[in-house]
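Here is the structure we will look at, set down as structure tokens.
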Amino acid sequence: MIPEQGIMTMNFKQRSLLFAKISQIAYLNKANATKQAKKIGFTTVEYYDVKGAQSYRFMNKRDLVIACRGTEPTQYADIKADANALPVIAETVSRVHKGFKGQVDELWPAIREDLTRTQNKNKDVWFTGHSLGAAMATIMASRCMFFELVPNPEELYTYGSPRVGWKGYVDSLGITHHRWKNNNDIVTTVPLAIMGFKHHGTMHYLNSYGNVRRPTGWQMIKDRLRGMWTGIKKGKIDNFSDHLIHNYIEHLQNYKDGKENPQK
């Protein structure tokens, strides 16, 4: 639940869990999303849906959150966006993933109008998303900062984000970005770095046990192998199950509550 004083008064663990839940809500239809958003402290909800590109604006008297919807396997527009990995010139600087940019381009006129409305100018602005939604939220935050649409966009929280743009692009992003990666989440490995794409932001890593860690290179390799083997024993493909937003939420709930899963 968002405090009356707003999201800014929450600590990092609380915000990380909150935005994961908001990213999950973004997958719902407007009626259910509105119901869930009001439960956690938002008073108004706006739904953007243009040619298969979708996102929400959740708002209360202090905060405005843009939450972008991730990939839906049944939506052709989402699949096409994910697959269209050509690097194209961005609206800001350098090059960005063509498919992700295309999704944002569809929604941007309406979102830009919302962000620049006089009644929204004094609100704290946040961006979030999971999967494709994470990439879209990153591009929107970039444009918001570059064109100075609001005085103080606060932070960007993403979950299972793919790489979005070239080095020049990600280096130009001025927003604080907390990028969560769950063990072997396959989406975080694409598009390939060899194509020039880079990640942005501070990575926060959930290991194969679901605990927050800062592993070294060799520790990361061992942990990823451990996660793959654990998945095989459970009859799962770890690379895909680790991408599910509800797994992020489960682990971040423990993190917020100060709990840890046992590690062998």
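Residues in the structure tokens are named by chain (A, B, ... in the order shown) and by number from 1 within that chain; ligands are numbered from 1 in the order shown.
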
Contact table segment 72-189 of chain A vs segment 206-218 of chain A, cut-off 12 Å, shortest pair per residue, only C-alpha atoms, as a Markdown table:
```
| residue | atom | partner | partner_atom | distance |
| --- | --- | --- | --- | --- |
| A:Tyr159 | CA | A:Leu206 | CA | 10.9 |
| A:Gly160 | CA | A:Leu206 | CA | 11.0 |
| A:Arg179 | CA | A:Leu206 | CA | 11.0 |
| A:Trp180 | CA | A:Leu206 | CA | 7.6 |
| A:Lys181 | CA | A:Leu206 | CA | 6.2 |
| A:Asn182 | CA | A:Leu206 | CA | 4.7 |
| A:Asn183 | CA | A:Asn207 | CA | 5.0 |
| A:Asn184 | CA | A:Ser208 | CA | 8.1 |
| A:Asp185 | CA | A:Leu206 | CA | 10.0 |
```

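Within 12 Å of Phe12 of chain A, once only C-alpha atoms are used and residues closer than 3 positions along the same chain are dropped, the contacting residues are Ile7, Met8, Thr9, Arg15, Ser16, Leu17, Leu18, Phe19, Glu155, Tyr157, His178, His204, Leu252, Tyr255 and Lys256 of chain A.
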
Would you save the residues of that selection, restricted to C-alpha atoms, as a PDB file, in the first residue's frame?
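File written: again18.pdb
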```pdb
ATOM      1  CA  ILE A   7       6.060   6.581  -3.090  1.00  0.00           C
ATOM      2  CA  MET A   8       9.132   8.692  -2.329  1.00  0.00           C
ATOM      3  CA  THR A   9       8.706   7.977   1.382  1.00  0.00           C
ATOM      4  CA  ARG A  15       9.535   0.373  -3.951  1.00  0.00           C
ATOM      5  CA  SER A  16      11.116  -2.611  -5.715  1.00  0.00           C
ATOM      6  CA  LEU A  17       8.202  -4.812  -4.657  1.00  0.00           C
ATOM      7  CA  LEU A  18       5.610  -2.121  -5.377  1.00  0.00           C
ATOM      8  CA  PHE A  19       6.753  -1.550  -8.958  1.00  0.00           C
ATOM      9  CA  GLU A 155      13.219   6.596 -10.975  1.00  0.00           C
ATOM     10  CA  TYR A 157      12.229   0.176 -12.161  1.00  0.00           C
ATOM     11  CA  HIS A 178      16.997  -0.068 -10.961  1.00  0.00           C
ATOM     12  CA  HIS A 204      20.033  -6.055  -8.872  1.00  0.00           C
ATOM     13  CA  LEU A 252      10.994  -9.403  -3.774  1.00  0.00           C
ATOM     14  CA  TYR A 255      13.451  -9.361   0.270  1.00  0.00           C
ATOM     15  CA  LYS A 256      11.122  -6.651   1.564  1.00  0.00           C
TER      16      LYS A 256
END
```

Give me the residues within 6 Å of segment 63-71 of chain A as an NGL selection string, counting only C-alpha atoms and dropping any in the same chain fewer than 3 places off. :A and (26-27 or 54-60 or 78 or 123-133 or 137)

Would you mind reading off the distance between atom CA of Val45 of chain A and atom CA of Val170 of chain A, one decimal, in Å? 29.7 Å

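Between Ala20 of chain A and the candidates A:Phe197, A:Met203, A:Lys236, A:Leu156, the tightest atom-to-atom separation, counting only C-alpha atoms, involves A:Leu156.
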
Distance query Met1 of chain A at most 9 Å, only C-alpha atoms, self and fewer than 2 positions along chain excluded, as a PyMOL selection string: chain A and resi 3+18+39-41

I want to know what sits within 9 Å of segment 88-100 of chain A, based on only C-alpha atoms, with residues of the same chain fewer than 3 positions away left out; could you give that as a PyMOL selection string? chain A and resi 78+80-85+103-105+132-133+135-136+139+142-143+146-147+163-170+172+191+197

Residues of the last selection are to be written out with N, CA and C atoms, as an mmCIF file, in the first residue's frame.
```cif
data_model
loop_
_atom_site.group_PDB
_atom_site.id
_atom_site.type_symbol
_atom_site.label_atom_id
_atom_site.label_comp_id
_atom_site.auth_asym_id
_atom_site.auth_seq_id
_atom_site.Cartn_x
_atom_site.Cartn_y
_atom_site.Cartn_z
ATOM 1 N N ASP A 78 3.193 -7.624 -30.277
ATOM 2 C CA ASP A 78 4.249 -7.803 -29.269
ATOM 3 C C ASP A 78 5.367 -8.689 -29.807
ATOM 4 N N LYS A 80 6.124 -9.253 -32.907
ATOM 5 C CA LYS A 80 6.809 -8.531 -33.977
ATOM 6 C C LYS A 80 7.786 -7.511 -33.397
ATOM 7 N N ALA A 81 7.370 -6.809 -32.341
ATOM 8 C CA ALA A 81 8.237 -5.811 -31.716
ATOM 9 C C ALA A 81 9.482 -6.449 -31.134
ATOM 10 N N ASP A 82 9.307 -7.584 -30.447
ATOM 11 C CA ASP A 82 10.449 -8.273 -29.842
ATOM 12 C C ASP A 82 11.445 -8.728 -30.905
ATOM 13 N N ALA A 83 10.922 -9.212 -32.024
ATOM 14 C CA ALA A 83 11.774 -9.805 -33.051
ATOM 15 C C ALA A 83 12.490 -8.771 -33.915
ATOM 16 N N ASN A 84 11.950 -7.566 -33.971
ATOM 17 C CA ASN A 84 12.488 -6.548 -34.876
ATOM 18 C C ASN A 84 13.649 -5.813 -34.197
ATOM 19 N N ALA A 85 14.801 -6.482 -34.144
ATOM 20 C CA ALA A 85 15.936 -6.000 -33.350
ATOM 21 C C ALA A 85 16.909 -5.118 -34.113
ATOM 22 N N GLN A 103 6.853 0.461 -30.679
ATOM 23 C CA GLN A 103 5.767 0.357 -29.700
ATOM 24 C C GLN A 103 5.594 1.668 -28.945
ATOM 25 N N VAL A 104 6.713 2.265 -28.549
ATOM 26 C CA VAL A 104 6.641 3.540 -27.834
ATOM 27 C C VAL A 104 6.093 4.642 -28.729
ATOM 28 N N ASP A 105 6.497 4.665 -29.993
ATOM 29 C CA ASP A 105 6.026 5.694 -30.923
ATOM 30 C C ASP A 105 4.503 5.727 -31.010
ATOM 31 N N LEU A 132 9.068 -6.792 -22.430
ATOM 32 C CA LEU A 132 8.891 -5.743 -23.434
ATOM 33 C C LEU A 132 8.500 -4.432 -22.764
ATOM 34 N N GLY A 133 7.663 -4.522 -21.734
ATOM 35 C CA GLY A 133 7.249 -3.322 -21.000
ATOM 36 C C GLY A 133 8.420 -2.612 -20.347
ATOM 37 N N ALA A 135 11.512 -2.512 -21.582
ATOM 38 C CA ALA A 135 12.190 -1.792 -22.666
ATOM 39 C C ALA A 135 11.419 -0.524 -23.036
ATOM 40 N N MET A 136 10.106 -0.626 -23.124
ATOM 41 C CA MET A 136 9.286 0.541 -23.458
ATOM 42 C C MET A 136 9.395 1.621 -22.382
ATOM 43 N N ILE A 139 12.658 3.522 -22.727
ATOM 44 C CA ILE A 139 12.641 4.501 -23.823
ATOM 45 C C ILE A 139 11.793 5.720 -23.450
ATOM 46 N N SER A 142 13.709 7.841 -21.077
ATOM 47 C CA SER A 142 14.754 8.543 -21.818
ATOM 48 C C SER A 142 14.205 9.792 -22.496
ATOM 49 N N ARG A 143 13.068 9.652 -23.156
ATOM 50 C CA ARG A 143 12.480 10.800 -23.837
ATOM 51 C C ARG A 143 12.030 11.864 -22.838
ATOM 52 N N PHE A 146 15.232 13.618 -21.747
ATOM 53 C CA PHE A 146 15.907 14.334 -22.835
ATOM 54 C C PHE A 146 15.170 15.607 -23.223
ATOM 55 N N PHE A 147 13.826 15.499 -23.281
ATOM 56 C CA PHE A 147 13.028 16.646 -23.702
ATOM 57 C C PHE A 147 12.526 17.469 -22.518
ATOM 58 N N ARG A 163 18.086 -5.813 -23.506
ATOM 59 C CA ARG A 163 18.919 -4.661 -23.850
ATOM 60 C C ARG A 163 18.127 -3.765 -24.808
ATOM 61 N N VAL A 164 18.265 -2.464 -24.641
ATOM 62 C CA VAL A 164 17.386 -1.539 -25.365
ATOM 63 C C VAL A 164 18.095 -0.779 -26.484
ATOM 64 N N GLY A 165 19.344 -0.368 -26.236
ATOM 65 C CA GLY A 165 19.995 0.455 -27.244
ATOM 66 C C GLY A 165 21.504 0.310 -27.233
ATOM 67 N N TRP A 166 22.146 1.049 -28.118
ATOM 68 C CA TRP A 166 23.604 1.060 -28.190
ATOM 69 C C TRP A 166 24.191 1.835 -27.013
ATOM 70 N N LYS A 167 25.507 1.759 -26.867
ATOM 71 C CA LYS A 167 26.191 2.383 -25.734
ATOM 72 C C LYS A 167 25.905 3.883 -25.645
ATOM 73 N N GLY A 168 25.965 4.556 -26.774
ATOM 74 C CA GLY A 168 25.711 5.994 -26.766
ATOM 75 C C GLY A 168 24.317 6.317 -26.266
ATOM 76 N N TYR A 169 23.377 5.432 -26.599
ATOM 77 C CA TYR A 169 21.992 5.640 -26.159
ATOM 78 C C TYR A 169 21.868 5.460 -24.652
ATOM 79 N N VAL A 170 22.350 4.332 -24.146
ATOM 80 C CA VAL A 170 22.177 4.071 -22.710
ATOM 81 C C VAL A 170 23.003 5.046 -21.876
ATOM 82 N N SER A 172 23.305 8.082 -22.447
ATOM 83 C CA SER A 172 22.621 9.379 -22.448
ATOM 84 C C SER A 172 21.456 9.427 -21.462
ATOM 85 N N PRO A 191 18.599 -8.144 -27.028
ATOM 86 C CA PRO A 191 19.387 -8.587 -28.174
ATOM 87 C C PRO A 191 20.850 -8.801 -27.786
ATOM 88 N N PHE A 197 24.207 -3.769 -28.614
ATOM 89 C CA PHE A 197 23.249 -3.404 -27.568
ATOM 90 C C PHE A 197 23.863 -3.554 -26.178
#
```

DSSP-assigned strand (DSSP E or B) members of segment 87-188 of chain A, reported as a ChimeraX atom specification: /A:87-89,95-97,124-130,153-159,165-166,176-182

Those residues you just picked out, can you put them in a file as a PDB file, in the first residue's frame with C-alpha atoms?
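Saved result, result-v3.pdb, follows:
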```pdb
ATOM      1  CA  PRO A  87      19.218  -0.757 -34.367  1.00  0.00           C
ATOM      2  CA  VAL A  88      17.651   2.471 -35.644  1.00  0.00           C
ATOM      3  CA  ILE A  89      18.261   6.134 -34.872  1.00  0.00           C
ATOM      4  CA  ARG A  95      20.537   3.938 -31.824  1.00  0.00           C
ATOM      5  CA  VAL A  96      17.772   1.935 -30.221  1.00  0.00           C
ATOM      6  CA  HIS A  97      15.916  -1.355 -30.856  1.00  0.00           C
ATOM      7  CA  ASP A 124       6.549  12.652  -8.767  1.00  0.00           C
ATOM      8  CA  VAL A 125       6.854  10.722 -12.044  1.00  0.00           C
ATOM      9  CA  TRP A 126       7.955   7.077 -12.132  1.00  0.00           C
ATOM     10  CA  PHE A 127       8.363   4.514 -14.933  1.00  0.00           C
ATOM     11  CA  THR A 128       8.162   0.727 -14.704  1.00  0.00           C
ATOM     12  CA  GLY A 129       7.615  -2.411 -16.743  1.00  0.00           C
ATOM     13  CA  HIS A 130       8.406  -6.089 -17.200  1.00  0.00           C
ATOM     14  CA  PRO A 153      11.101  12.238 -13.123  1.00  0.00           C
ATOM     15  CA  GLU A 154      12.156  10.156 -10.149  1.00  0.00           C
ATOM     16  CA  GLU A 155      13.219   6.596 -10.975  1.00  0.00           C
ATOM     17  CA  LEU A 156      12.811   3.731 -13.426  1.00  0.00           C
ATOM     18  CA  TYR A 157      12.229   0.176 -12.161  1.00  0.00           C
ATOM     19  CA  THR A 158      12.413  -2.697 -14.640  1.00  0.00           C
ATOM     20  CA  TYR A 159      12.086  -6.468 -14.356  1.00  0.00           C
ATOM     21  CA  GLY A 165      19.995   0.455 -27.244  1.00  0.00           C
ATOM     22  CA  TRP A 166      23.604   1.060 -28.190  1.00  0.00           C
ATOM     23  CA  THR A 176      18.105   6.475 -11.985  1.00  0.00           C
ATOM     24  CA  HIS A 177      17.342   2.962 -13.222  1.00  0.00           C
ATOM     25  CA  HIS A 178      16.997  -0.068 -10.961  1.00  0.00           C
ATOM     26  CA  ARG A 179      17.106  -3.110 -13.245  1.00  0.00           C
ATOM     27  CA  TRP A 180      16.108  -6.421 -11.657  1.00  0.00           C
ATOM     28  CA  LYS A 181      17.372  -9.713 -13.129  1.00  0.00           C
ATOM     29  CA  ASN A 182      16.207 -13.115 -11.884  1.00  0.00           C
TER      30      ASN A 182
END
```

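As for atom CA of Asp257 of chain A and atom CA of Ile22 of chain A, they are spaced 18.2 Å apart.
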
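Atom pair atom CA of Glu106 of chain A / atom CA of Gly52 of chain A: separated by 8.8 Å.
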
In segment 67-207 of chain A, what's helix (DSSP H, G or I) per DSSP? Answer as a PyMOL selection string? chain A and resi 76-83+98-115+118-120+132-146+167-172+186-189+193-195

Excluding same-chain residues fewer than 6 positions from Leu149 of chain A, what lies within 12 Å of it counting only C-alpha atoms, as a list in words? Ile111, Arg112, Glu113, Asp114, Leu115, Thr116, Arg117, Thr118, Asn120, Lys121, Asn122, Val125, Met140, Ala141, Ser142 and Arg143 of chain A

Would you output that residue set with N, CA and C atoms, as a PDB file, in the first residue's frame?
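Contents of the output file out.pdb:
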```pdb
ATOM      1  N   ILE A 111       0.886   9.899 -24.090  1.00  0.00           N
ATOM      2  CA  ILE A 111       1.617   9.940 -22.819  1.00  0.00           C
ATOM      3  C   ILE A 111       2.317  11.281 -22.648  1.00  0.00           C
ATOM      4  N   ARG A 112       2.896  11.807 -23.709  1.00  0.00           N
ATOM      5  CA  ARG A 112       3.535  13.133 -23.635  1.00  0.00           C
ATOM      6  C   ARG A 112       2.524  14.196 -23.226  1.00  0.00           C
ATOM      7  N   GLU A 113       1.316  14.105 -23.781  1.00  0.00           N
ATOM      8  CA  GLU A 113       0.275  15.069 -23.413  1.00  0.00           C
ATOM      9  C   GLU A 113      -0.066  14.964 -21.935  1.00  0.00           C
ATOM     10  N   ASP A 114      -0.176  13.728 -21.428  1.00  0.00           N
ATOM     11  CA  ASP A 114      -0.465  13.532 -20.006  1.00  0.00           C
ATOM     12  C   ASP A 114       0.647  14.094 -19.126  1.00  0.00           C
ATOM     13  N   LEU A 115       1.889  13.849 -19.503  1.00  0.00           N
ATOM     14  CA  LEU A 115       3.013  14.273 -18.679  1.00  0.00           C
ATOM     15  C   LEU A 115       3.148  15.794 -18.624  1.00  0.00           C
ATOM     16  N   THR A 116       2.695  16.477 -19.647  1.00  0.00           N
ATOM     17  CA  THR A 116       2.878  17.931 -19.711  1.00  0.00           C
ATOM     18  C   THR A 116       1.648  18.715 -19.270  1.00  0.00           C
ATOM     19  N   ARG A 117       0.600  18.032 -18.852  1.00  0.00           N
ATOM     20  CA  ARG A 117      -0.572  18.751 -18.342  1.00  0.00           C
ATOM     21  C   ARG A 117      -0.215  19.514 -17.073  1.00  0.00           C
ATOM     22  N   THR A 118      -0.753  20.697 -16.952  1.00  0.00           N
ATOM     23  CA  THR A 118      -0.419  21.571 -15.825  1.00  0.00           C
ATOM     24  C   THR A 118      -0.689  20.897 -14.488  1.00  0.00           C
ATOM     25  N   ASN A 120      -0.449  17.927 -13.662  1.00  0.00           N
ATOM     26  CA  ASN A 120       0.458  16.809 -13.368  1.00  0.00           C
ATOM     27  C   ASN A 120       1.906  17.264 -13.144  1.00  0.00           C
ATOM     28  N   LYS A 121       2.180  18.544 -13.318  1.00  0.00           N
ATOM     29  CA  LYS A 121       3.557  19.038 -13.310  1.00  0.00           C
ATOM     30  C   LYS A 121       4.243  18.866 -11.955  1.00  0.00           C
ATOM     31  N   ASN A 122       3.485  18.922 -10.878  1.00  0.00           N
ATOM     32  CA  ASN A 122       4.093  18.861  -9.547  1.00  0.00           C
ATOM     33  C   ASN A 122       4.104  17.459  -8.955  1.00  0.00           C
ATOM     34  N   VAL A 125       7.090  11.590 -10.887  1.00  0.00           N
ATOM     35  CA  VAL A 125       6.854  10.722 -12.044  1.00  0.00           C
ATOM     36  C   VAL A 125       7.791   9.526 -11.994  1.00  0.00           C
ATOM     37  N   MET A 140      10.667   5.485 -22.801  1.00  0.00           N
ATOM     38  CA  MET A 140       9.819   6.609 -22.381  1.00  0.00           C
ATOM     39  C   MET A 140      10.530   7.485 -21.363  1.00  0.00           C
ATOM     40  N   ALA A 141      11.219   6.862 -20.402  1.00  0.00           N
ATOM     41  CA  ALA A 141      11.961   7.630 -19.406  1.00  0.00           C
ATOM     42  C   ALA A 141      13.058   8.444 -20.077  1.00  0.00           C
ATOM     43  N   SER A 142      13.709   7.841 -21.077  1.00  0.00           N
ATOM     44  CA  SER A 142      14.754   8.543 -21.818  1.00  0.00           C
ATOM     45  C   SER A 142      14.205   9.792 -22.496  1.00  0.00           C
ATOM     46  N   ARG A 143      13.068   9.652 -23.156  1.00  0.00           N
ATOM     47  CA  ARG A 143      12.480  10.800 -23.837  1.00  0.00           C
ATOM     48  C   ARG A 143      12.030  11.864 -22.838  1.00  0.00           C
TER      49      ARG A 143
END
```

From the set A:Ile2, A:Ile194, A:Ala53, A:Met10, which residue has the shortest atom-to-atom contact distance to Lys38 of chain A, counting only C-alpha atoms? A:Ile2
